[in-house]
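start.txt (compact mmCIF, C-alpha atoms)
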```txt
# COMPACT_ATOMS: atom_id res chain seq x y z
CA MET A 1 106.74 178.57 162.09
CA ASP A 2 106.18 181.27 159.54
CA TYR A 3 103.25 181.81 157.19
CA THR A 4 105.07 180.38 154.16
CA ALA A 5 105.88 177.13 155.97
CA LEU A 6 102.27 176.79 157.13
CA GLU A 7 101.04 177.46 153.61
CA GLY A 8 103.40 174.75 152.32
CA ILE A 9 102.08 172.27 154.90
CA LEU A 10 98.52 173.01 153.79
CA VAL A 11 99.40 172.34 150.14
CA PHE A 12 101.20 169.11 151.14
CA ILE A 13 98.28 167.86 153.28
CA LYS A 14 95.87 168.52 150.41
CA LYS A 15 98.05 166.47 148.04
CA ALA A 16 98.43 163.69 150.63
CA GLU A 17 94.62 163.50 150.92
CA ASN A 18 94.57 161.59 147.66
CA LEU A 19 95.97 158.60 149.55
CA LYS A 20 92.40 158.19 150.82
CA ASN A 21 91.26 157.83 147.19
CA THR A 22 94.09 155.52 146.12
CA LEU A 23 92.71 152.01 145.99
CA ARG A 24 94.78 148.92 146.71
CA TYR A 25 94.24 145.40 145.48
CA SER A 26 92.84 144.39 148.86
CA PHE A 27 89.29 144.33 150.07
CA THR A 28 87.87 145.07 153.51
CA SER A 29 85.64 142.81 155.55
CA ASN A 30 82.55 144.50 154.08
CA GLY A 31 83.78 143.97 150.51
CA SER A 32 84.85 147.53 149.70
CA GLN A 33 88.24 148.11 148.13
CA GLU A 34 90.83 149.21 150.69
CA SER A 35 92.58 152.56 150.27
CA SER A 36 96.29 153.13 150.77
CA ALA A 37 95.44 155.46 153.66
CA GLU A 38 93.46 152.71 155.39
CA HIS A 39 96.37 150.31 154.94
CA SER A 40 98.86 152.85 156.32
CA TRP A 41 96.64 153.50 159.33
CA ARG A 42 96.33 149.81 160.19
CA LEU A 43 100.04 149.25 159.57
CA SER A 44 100.76 152.05 162.06
CA LEU A 45 98.46 150.37 164.56
CA LEU A 46 100.23 147.02 164.05
CA VAL A 47 103.63 148.73 164.43
CA MET A 48 102.48 150.16 167.75
CA MET A 49 100.98 146.87 168.98
CA CYS A 50 104.07 144.75 168.28
CA ALA A 51 106.66 147.25 169.55
CA GLY A 52 106.71 145.81 173.08
CA ALA A 53 108.36 142.64 171.78
CA PHE A 54 111.28 144.69 170.41
CA PRO A 55 112.82 146.56 173.37
CA GLY A 56 115.48 148.48 171.40
CA LEU A 57 113.06 149.69 168.76
CA ASN A 58 112.59 153.44 168.29
CA LEU A 59 108.79 153.41 168.11
CA GLU A 60 108.50 157.06 167.09
CA ARG A 61 110.82 156.44 164.14
CA ALA A 62 108.97 153.24 163.20
CA LEU A 63 105.61 155.05 163.23
CA LYS A 64 107.00 157.81 161.01
CA LEU A 65 108.21 155.15 158.56
CA ALA A 66 104.79 153.47 158.56
CA ILE A 67 103.02 156.77 157.91
CA ILE A 68 105.40 157.82 155.10
CA HIS A 69 106.05 154.47 153.38
CA ASP A 70 103.13 154.62 150.89
CA LEU A 71 102.81 158.41 150.61
CA PRO A 72 103.94 158.42 146.94
CA GLU A 73 100.92 156.30 146.08
CA ALA A 74 98.82 159.46 146.43
CA ILE A 75 100.21 160.34 142.99
CA CYS A 76 101.37 157.12 141.32
CA GLY A 77 98.90 154.62 142.79
CA ASP A 78 99.47 151.22 144.35
CA THR A 79 101.66 148.64 142.64
CA PRO A 80 100.85 145.19 143.99
CA ALA A 81 103.75 142.76 144.37
CA ILE A 82 101.94 140.17 142.30
CA TYR A 83 102.62 142.27 139.17
CA GLN A 84 106.38 141.67 139.03
CA GLU A 85 106.96 143.54 135.74
CA GLU A 86 105.48 146.75 137.21
CA TYR A 87 107.11 146.13 140.59
CA ALA A 88 110.59 146.41 139.05
CA THR A 89 110.12 150.15 138.35
CA LYS A 90 108.09 150.88 141.50
CA ALA A 91 110.87 152.56 143.52
CA THR A 92 111.79 155.04 140.77
CA LYS A 93 108.16 155.89 140.07
CA GLU A 94 107.46 156.38 143.79
CA ARG A 95 110.61 158.47 144.38
CA ASN A 96 109.51 160.87 141.63
CA ALA A 97 105.97 161.04 143.02
CA LEU A 98 107.30 161.71 146.52
CA SER A 99 109.34 164.66 145.22
CA GLU A 100 106.18 166.08 143.67
CA ILE A 101 104.10 165.69 146.84
CA ILE A 102 106.63 167.35 149.15
CA GLN A 103 107.74 170.24 146.92
CA SER A 104 105.70 172.81 148.88
CA LEU A 105 107.44 171.98 152.17
CA THR A 106 110.59 173.56 153.57
CA ILE A 107 113.84 172.00 152.33
CA GLU A 108 114.52 170.62 155.81
CA THR A 109 111.11 168.93 155.95
CA GLN A 110 111.51 167.63 152.39
CA ASN A 111 114.86 166.11 153.33
CA ASN A 112 113.39 164.52 156.46
CA ILE A 113 110.57 162.90 154.48
CA ILE A 114 112.91 161.68 151.74
CA GLU A 115 115.25 160.27 154.37
CA LEU A 116 112.38 158.37 156.01
CA TRP A 117 111.09 157.03 152.70
CA GLU A 118 114.55 155.91 151.54
CA GLU A 119 115.26 154.35 154.94
CA TYR A 120 112.08 152.30 154.56
CA GLU A 121 112.60 151.52 150.89
CA ASN A 122 116.16 150.29 151.43
CA ALA A 123 115.53 148.77 154.89
CA THR A 124 118.68 150.41 156.22
CA THR A 125 117.72 150.38 159.92
CA GLU A 126 116.16 147.95 162.35
CA GLU A 127 113.06 150.18 162.42
CA ALA A 128 112.75 150.05 158.63
CA LYS A 129 113.15 146.25 158.59
CA TYR A 130 110.53 145.99 161.36
CA VAL A 131 108.02 148.16 159.48
CA LYS A 132 108.72 146.41 156.15
CA CYS A 133 107.96 143.02 157.74
CA LEU A 134 104.77 144.30 159.30
CA ASP A 135 103.77 145.98 156.02
CA LYS A 136 103.81 142.61 154.30
CA LEU A 137 102.05 140.89 157.19
CA GLU A 138 99.31 143.54 157.42
CA THR A 139 98.62 143.06 153.72
CA LEU A 140 98.23 139.31 154.24
CA ILE A 141 95.98 139.83 157.25
CA GLN A 142 93.78 142.08 155.10
CA HIS A 143 93.71 139.55 152.29
CA ASN A 144 92.45 136.92 154.74
CA GLN A 145 89.97 139.25 156.40
CA GLY A 146 88.58 140.86 153.26
CA ILE A 147 85.77 139.76 151.02
CA ASN A 148 87.82 139.13 147.89
CA PRO A 149 86.82 138.42 144.30
CA ILE A 150 86.38 134.74 143.49
CA GLU A 151 89.58 134.71 141.39
CA PHE A 152 91.72 136.09 144.24
CA ASN A 153 95.17 134.44 144.29
CA TYR A 154 95.63 133.19 147.86
CA GLU A 155 98.52 130.91 146.81
CA PHE A 156 100.70 133.99 146.26
CA ASN A 157 100.20 134.89 149.93
CA ILE A 158 101.85 131.69 151.19
CA THR A 159 105.30 132.81 149.99
CA TYR A 160 104.79 136.61 150.12
CA GLY A 161 107.08 138.19 152.72
CA ASN A 162 108.78 134.94 153.74
CA GLU A 163 112.29 136.25 153.04
CA LEU A 164 111.68 139.29 155.26
CA VAL A 165 110.31 137.42 158.28
CA ALA A 166 112.66 134.42 158.11
CA ASP A 167 115.22 135.78 160.59
CA ASN A 168 112.72 136.94 163.17
CA LYS A 169 111.04 134.45 165.53
CA ILE A 170 108.09 136.71 166.34
CA PHE A 171 107.33 137.67 162.76
CA SER A 172 107.87 134.09 161.56
CA LYS A 173 105.33 132.88 164.11
CA LEU A 174 102.87 135.61 163.08
CA LYS A 175 103.35 134.64 159.41
CA GLN A 176 102.67 130.98 160.28
CA MET A 177 99.44 132.01 161.99
CA ILE A 178 98.43 134.06 158.95
CA ASP A 179 99.36 131.17 156.63
CA VAL A 180 96.95 128.87 158.48
CA GLU A 181 94.12 131.27 157.65
CA THR A 182 95.36 131.61 154.06
CA GLN A 183 95.40 127.84 153.67
CA ARG A 184 91.74 127.73 154.78
CA HIS A 185 90.89 130.19 152.01
CA ILE A 186 92.82 128.11 149.45
CA GLU A 187 90.93 124.99 150.47
CA ARG A 188 87.59 126.82 150.41
CA VAL A 189 88.00 128.08 146.85
CA SER A 190 89.52 124.84 145.47
```

As structure tokens, the full file:
Amino acid sequence: MDYTALEGILVFIKKAENLKNTLRYSFTSNGSQESSAEHSWRLSLLVMMCAGAFPGLNLERALKLAIIHDLPEAICGDTPAIYQEEYATKATKERNALSEIIQSLTIETQNNIIELWEEYENATTEEAKYVKCLDKLETLIQHNQGINPIEFNYEFNITYGNELVADNKIFSKLKQMIDVETQRHIERVS
């Protein structure tokens, strides 16, 4: 690897650092607002933990997808699914942000990152579908585990991700387990 490529990686890593400062609409178990980097880390951990139940899964590819999937948020921020009007333009906004973040990298590396992001965004492979399901489920787990504001909308969580997990017995079971916890929160705040 030459000096220019290393320099480009350094610029990229510095831009990606902002993912640590990008706050999501989820709260941790101590009440602090979760960052996109924290979410991506725990998603990667969940991807790794569930991989044994999916023998044909390319775990390395799935982990790359988990790490890259929210990278554009370092520039454009998090867009929660609950805000449907903003969610409609999310992919375009994130694609533009991704191009900005990776511009210092070699063309080959840029293409690899774009390919991973688009694979995830469009769920074109089994790995992308796997990570997309777990992305939704990790969010719900965090919503149940976090200390949320009193007005937090737990009802939204009951249907969130259902269409993605419907065809998978393992993820459907995990979603049912999460829904039991969500229902407890709904009853508590009612």

Open item on the list: Just the number, please: distance in Å from CA of Pro55 (chain A) to CA of Lys175 (chain A), one decimal.
Closed with: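 Calculated distance between CA of Pro55 (chain A) and CA of Lys175 (chain A) is 20.7 Å.
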
Task: Nearest to Gly161 (chain A), chosen from A:Leu23, A:Ala88, A:Ile13, A:Ala81, with all atoms listed in the file counted in the distances - done: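 Using all atoms listed in the file, the shortest distance to Gly161 (chain A) belongs to A:Ala81.
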
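Between CA of Glu115 (chain A) and CA of Asn96 (chain A) the separation is 14.0 Å.
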
Task: Close residues, His69 (chain A) itself excluded, 8 Å, only C-alpha atoms, min 2 positions apart in chain, as a PyMOL selection string - done: chain A and resi 40+65-67+71-72+116-117+120-121

TODO: For Gly31 (chain A), list every protein, DNA or RNA residue within 7 Å, evaluated using only C-alpha atoms, and leave out those in the same chain fewer than 2 positions away; present the list as an MDAnalysis selection string.
DONE: chainID A and resid 27:29 33 146:148

Take the residues from that selection and write them out as an mmCIF file, keeping the file's coordinate frame, keeping C-alpha atoms.
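Written file, selection-v8.cif:
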```cif
data_model
loop_
_atom_site.group_PDB
_atom_site.id
_atom_site.type_symbol
_atom_site.label_atom_id
_atom_site.label_comp_id
_atom_site.auth_asym_id
_atom_site.auth_seq_id
_atom_site.Cartn_x
_atom_site.Cartn_y
_atom_site.Cartn_z
ATOM 1 C CA PHE A 27 89.290 144.330 150.070
ATOM 2 C CA THR A 28 87.870 145.070 153.510
ATOM 3 C CA SER A 29 85.640 142.810 155.550
ATOM 4 C CA GLN A 33 88.240 148.110 148.130
ATOM 5 C CA GLY A 146 88.580 140.860 153.260
ATOM 6 C CA ILE A 147 85.770 139.760 151.020
ATOM 7 C CA ASN A 148 87.820 139.130 147.890
#
```

Open item on the list: What does the structure give for the distance between CA of Asp179 (chain A) and CA of Ala166 (chain A), in Å to one decimal?
Closed with: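 Pair CA of Asp179 (chain A) / CA of Ala166 (chain A) returns 13.8 Å.
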
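Nearest residue to Ser36 (chain A), choosing from A:Glu187, A:Asp78, A:Glu60, A:Glu163 and counting all atoms listed in the file: A:Asp78.
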
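The closest residue to Ala53 (chain A), picked from A:Ile75, A:Ile113, A:Ile170, A:Ile158 and counting all atoms listed in the file, is A:Ile170.
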
Can you spit out region 108-124 of chain A with all heavy atoms, as a PDB file, in the first residue's frame, from the structure just given?
```
ATOM      1  N   GLU A 108     -10.955   1.527  -6.213  1.00  0.00           N
ATOM      2  CA  GLU A 108     -11.320   0.136  -5.906  1.00  0.00           C
ATOM      3  C   GLU A 108     -11.993   0.030  -4.534  1.00  0.00           C
ATOM      4  O   GLU A 108     -13.026  -0.623  -4.381  1.00  0.00           O
ATOM      5  CB  GLU A 108     -10.072  -0.757  -5.944  1.00  0.00           C
ATOM      6  CG  GLU A 108     -10.373  -2.210  -5.644  1.00  0.00           C
ATOM      7  CD  GLU A 108      -9.132  -3.085  -5.631  1.00  0.00           C
ATOM      8  OE1 GLU A 108      -8.027  -2.601  -5.959  1.00  0.00           O
ATOM      9  OE2 GLU A 108      -9.273  -4.267  -5.280  1.00  0.00           O
ATOM     10  N   THR A 109     -11.440   0.699  -3.541  1.00  0.00           N
ATOM     11  CA  THR A 109     -12.016   0.663  -2.194  1.00  0.00           C
ATOM     12  C   THR A 109     -13.365   1.380  -2.173  1.00  0.00           C
ATOM     13  O   THR A 109     -14.318   0.900  -1.548  1.00  0.00           O
ATOM     14  CB  THR A 109     -11.042   1.280  -1.172  1.00  0.00           C
ATOM     15  OG1 THR A 109      -9.795   0.581  -1.243  1.00  0.00           O
ATOM     16  CG2 THR A 109     -11.595   1.177   0.236  1.00  0.00           C
ATOM     17  N   GLN A 110     -13.455   2.508  -2.868  1.00  0.00           N
ATOM     18  CA  GLN A 110     -14.742   3.207  -2.971  1.00  0.00           C
ATOM     19  C   GLN A 110     -15.800   2.280  -3.555  1.00  0.00           C
ATOM     20  O   GLN A 110     -16.916   2.179  -3.017  1.00  0.00           O
ATOM     21  CB  GLN A 110     -14.619   4.443  -3.862  1.00  0.00           C
ATOM     22  CG  GLN A 110     -13.857   5.594  -3.261  1.00  0.00           C
ATOM     23  CD  GLN A 110     -13.801   6.778  -4.214  1.00  0.00           C
ATOM     24  OE1 GLN A 110     -14.777   7.090  -4.897  1.00  0.00           O
ATOM     25  NE2 GLN A 110     -12.648   7.449  -4.251  1.00  0.00           N
ATOM     26  N   ASN A 111     -15.458   1.610  -4.637  1.00  0.00           N
ATOM     27  CA  ASN A 111     -16.410   0.705  -5.292  1.00  0.00           C
ATOM     28  C   ASN A 111     -16.824  -0.439  -4.369  1.00  0.00           C
ATOM     29  O   ASN A 111     -17.993  -0.828  -4.346  1.00  0.00           O
ATOM     30  CB  ASN A 111     -15.835   0.165  -6.595  1.00  0.00           C
ATOM     31  CG  ASN A 111     -15.762   1.237  -7.674  1.00  0.00           C
ATOM     32  OD1 ASN A 111     -16.472   2.243  -7.617  1.00  0.00           O
ATOM     33  ND2 ASN A 111     -14.897   1.036  -8.648  1.00  0.00           N
ATOM     34  N   ASN A 112     -15.871  -0.962  -3.604  1.00  0.00           N
ATOM     35  CA  ASN A 112     -16.186  -2.042  -2.658  1.00  0.00           C
ATOM     36  C   ASN A 112     -17.171  -1.580  -1.582  1.00  0.00           C
ATOM     37  O   ASN A 112     -18.111  -2.295  -1.242  1.00  0.00           O
ATOM     38  CB  ASN A 112     -14.915  -2.584  -2.003  1.00  0.00           C
ATOM     39  CG  ASN A 112     -14.063  -3.393  -2.947  1.00  0.00           C
ATOM     40  OD1 ASN A 112     -14.535  -3.905  -3.951  1.00  0.00           O
ATOM     41  ND2 ASN A 112     -12.784  -3.497  -2.639  1.00  0.00           N
ATOM     42  N   ILE A 113     -16.954  -0.377  -1.067  1.00  0.00           N
ATOM     43  CA  ILE A 113     -17.837   0.148  -0.023  1.00  0.00           C
ATOM     44  C   ILE A 113     -19.221   0.452  -0.587  1.00  0.00           C
ATOM     45  O   ILE A 113     -20.240   0.117   0.027  1.00  0.00           O
ATOM     46  CB  ILE A 113     -17.205   1.374   0.667  1.00  0.00           C
ATOM     47  CG1 ILE A 113     -16.015   0.918   1.513  1.00  0.00           C
ATOM     48  CG2 ILE A 113     -18.235   2.108   1.525  1.00  0.00           C
ATOM     49  CD1 ILE A 113     -15.210   2.036   2.132  1.00  0.00           C
ATOM     50  N   ILE A 114     -19.268   1.049  -1.765  1.00  0.00           N
ATOM     51  CA  ILE A 114     -20.559   1.325  -2.399  1.00  0.00           C
ATOM     52  C   ILE A 114     -21.310   0.026  -2.674  1.00  0.00           C
ATOM     53  O   ILE A 114     -22.521  -0.069  -2.428  1.00  0.00           O
ATOM     54  CB  ILE A 114     -20.371   2.154  -3.692  1.00  0.00           C
ATOM     55  CG1 ILE A 114     -19.932   3.573  -3.342  1.00  0.00           C
ATOM     56  CG2 ILE A 114     -21.649   2.165  -4.531  1.00  0.00           C
ATOM     57  CD1 ILE A 114     -19.454   4.386  -4.533  1.00  0.00           C
ATOM     58  N   GLU A 115     -20.596  -0.970  -3.150  1.00  0.00           N
ATOM     59  CA  GLU A 115     -21.212  -2.270  -3.420  1.00  0.00           C
ATOM     60  C   GLU A 115     -21.812  -2.872  -2.146  1.00  0.00           C
ATOM     61  O   GLU A 115     -22.937  -3.369  -2.159  1.00  0.00           O
ATOM     62  CB  GLU A 115     -20.177  -3.230  -4.010  1.00  0.00           C
ATOM     63  CG  GLU A 115     -20.701  -4.615  -4.298  1.00  0.00           C
ATOM     64  CD  GLU A 115     -19.598  -5.568  -4.747  1.00  0.00           C
ATOM     65  OE1 GLU A 115     -18.765  -5.151  -5.581  1.00  0.00           O
ATOM     66  OE2 GLU A 115     -19.574  -6.706  -4.262  1.00  0.00           O
ATOM     67  N   LEU A 116     -21.073  -2.805  -1.047  1.00  0.00           N
ATOM     68  CA  LEU A 116     -21.578  -3.321   0.226  1.00  0.00           C
ATOM     69  C   LEU A 116     -22.817  -2.545   0.677  1.00  0.00           C
ATOM     70  O   LEU A 116     -23.821  -3.139   1.073  1.00  0.00           O
ATOM     71  CB  LEU A 116     -20.501  -3.226   1.312  1.00  0.00           C
ATOM     72  CG  LEU A 116     -19.360  -4.223   1.233  1.00  0.00           C
ATOM     73  CD1 LEU A 116     -18.209  -3.796   2.145  1.00  0.00           C
ATOM     74  CD2 LEU A 116     -19.844  -5.618   1.590  1.00  0.00           C
ATOM     75  N   TRP A 117     -22.749  -1.219   0.605  1.00  0.00           N
ATOM     76  CA  TRP A 117     -23.866  -0.403   1.058  1.00  0.00           C
ATOM     77  C   TRP A 117     -25.115  -0.669   0.215  1.00  0.00           C
ATOM     78  O   TRP A 117     -26.216  -0.823   0.739  1.00  0.00           O
ATOM     79  CB  TRP A 117     -23.486   1.081   1.042  1.00  0.00           C
ATOM     80  CG  TRP A 117     -24.566   1.928   1.622  1.00  0.00           C
ATOM     81  CD1 TRP A 117     -24.798   2.177   2.947  1.00  0.00           C
ATOM     82  CD2 TRP A 117     -25.591   2.611   0.903  1.00  0.00           C
ATOM     83  NE1 TRP A 117     -25.901   2.985   3.094  1.00  0.00           N
ATOM     84  CE2 TRP A 117     -26.405   3.260   1.846  1.00  0.00           C
ATOM     85  CE3 TRP A 117     -25.896   2.736  -0.453  1.00  0.00           C
ATOM     86  CZ2 TRP A 117     -27.504   4.029   1.490  1.00  0.00           C
ATOM     87  CZ3 TRP A 117     -26.994   3.510  -0.815  1.00  0.00           C
ATOM     88  CH2 TRP A 117     -27.783   4.136   0.162  1.00  0.00           C
ATOM     89  N   GLU A 118     -24.939  -0.733  -1.109  1.00  0.00           N
ATOM     90  CA  GLU A 118     -26.091  -0.979  -1.994  1.00  0.00           C
ATOM     91  C   GLU A 118     -26.637  -2.391  -1.811  1.00  0.00           C
ATOM     92  O   GLU A 118     -27.849  -2.595  -1.884  1.00  0.00           O
ATOM     93  CB  GLU A 118     -25.712  -0.702  -3.446  1.00  0.00           C
ATOM     94  CG  GLU A 118     -25.555   0.788  -3.703  1.00  0.00           C
ATOM     95  CD  GLU A 118     -25.165   1.150  -5.119  1.00  0.00           C
ATOM     96  OE1 GLU A 118     -24.806   0.243  -5.912  1.00  0.00           O
ATOM     97  OE2 GLU A 118     -25.211   2.350  -5.439  1.00  0.00           O
ATOM     98  N   GLU A 119     -25.756  -3.345  -1.580  1.00  0.00           N
ATOM     99  CA  GLU A 119     -26.193  -4.720  -1.298  1.00  0.00           C
ATOM    100  C   GLU A 119     -27.083  -4.746  -0.059  1.00  0.00           C
ATOM    101  O   GLU A 119     -28.144  -5.371  -0.051  1.00  0.00           O
ATOM    102  CB  GLU A 119     -24.968  -5.612  -1.088  1.00  0.00           C
ATOM    103  CG  GLU A 119     -25.271  -7.046  -0.747  1.00  0.00           C
ATOM    104  CD  GLU A 119     -24.005  -7.862  -0.500  1.00  0.00           C
ATOM    105  OE1 GLU A 119     -22.923  -7.513  -1.039  1.00  0.00           O
ATOM    106  OE2 GLU A 119     -24.094  -8.859   0.233  1.00  0.00           O
ATOM    107  N   TYR A 120     -26.660  -4.030   0.975  1.00  0.00           N
ATOM    108  CA  TYR A 120     -27.472  -3.945   2.199  1.00  0.00           C
ATOM    109  C   TYR A 120     -28.766  -3.196   1.923  1.00  0.00           C
ATOM    110  O   TYR A 120     -29.864  -3.657   2.260  1.00  0.00           O
ATOM    111  CB  TYR A 120     -26.699  -3.250   3.327  1.00  0.00           C
ATOM    112  CG  TYR A 120     -27.584  -2.974   4.511  1.00  0.00           C
ATOM    113  CD1 TYR A 120     -27.835  -3.960   5.446  1.00  0.00           C
ATOM    114  CD2 TYR A 120     -28.220  -1.749   4.651  1.00  0.00           C
ATOM    115  CE1 TYR A 120     -28.697  -3.728   6.510  1.00  0.00           C
ATOM    116  CE2 TYR A 120     -29.075  -1.506   5.716  1.00  0.00           C
ATOM    117  CZ  TYR A 120     -29.310  -2.501   6.638  1.00  0.00           C
ATOM    118  OH  TYR A 120     -30.172  -2.273   7.677  1.00  0.00           O
ATOM    119  N   GLU A 121     -28.651  -2.031   1.332  1.00  0.00           N
ATOM    120  CA  GLU A 121     -29.812  -1.163   1.106  1.00  0.00           C
ATOM    121  C   GLU A 121     -30.901  -1.873   0.302  1.00  0.00           C
ATOM    122  O   GLU A 121     -32.081  -1.741   0.595  1.00  0.00           O
ATOM    123  CB  GLU A 121     -29.355   0.114   0.382  1.00  0.00           C
ATOM    124  CG  GLU A 121     -30.398   1.175   0.262  1.00  0.00           C
ATOM    125  CD  GLU A 121     -30.866   1.758   1.584  1.00  0.00           C
ATOM    126  OE1 GLU A 121     -30.124   1.721   2.576  1.00  0.00           O
ATOM    127  OE2 GLU A 121     -32.002   2.255   1.619  1.00  0.00           O
ATOM    128  N   ASN A 122     -30.487  -2.636  -0.708  1.00  0.00           N
ATOM    129  CA  ASN A 122     -31.447  -3.300  -1.587  1.00  0.00           C
ATOM    130  C   ASN A 122     -31.713  -4.758  -1.193  1.00  0.00           C
ATOM    131  O   ASN A 122     -32.503  -5.429  -1.851  1.00  0.00           O
ATOM    132  CB  ASN A 122     -30.956  -3.227  -3.032  1.00  0.00           C
ATOM    133  CG  ASN A 122     -30.838  -1.790  -3.498  1.00  0.00           C
ATOM    134  OD1 ASN A 122     -31.735  -0.993  -3.312  1.00  0.00           O
ATOM    135  ND2 ASN A 122     -29.690  -1.443  -4.074  1.00  0.00           N
ATOM    136  N   ALA A 123     -31.039  -5.225  -0.160  1.00  0.00           N
ATOM    137  CA  ALA A 123     -31.196  -6.609   0.327  1.00  0.00           C
ATOM    138  C   ALA A 123     -31.111  -7.614  -0.821  1.00  0.00           C
ATOM    139  O   ALA A 123     -31.976  -8.460  -0.998  1.00  0.00           O
ATOM    140  CB  ALA A 123     -32.506  -6.757   1.097  1.00  0.00           C
ATOM    141  N   THR A 124     -30.014  -7.528  -1.564  1.00  0.00           N
ATOM    142  CA  THR A 124     -29.873  -8.344  -2.772  1.00  0.00           C
ATOM    143  C   THR A 124     -29.247  -9.710  -2.528  1.00  0.00           C
ATOM    144  O   THR A 124     -29.203 -10.527  -3.441  1.00  0.00           O
ATOM    145  CB  THR A 124     -29.033  -7.598  -3.826  1.00  0.00           C
ATOM    146  OG1 THR A 124     -27.780  -7.222  -3.246  1.00  0.00           O
ATOM    147  CG2 THR A 124     -29.764  -6.369  -4.340  1.00  0.00           C
TER     148      THR A 124
END
```
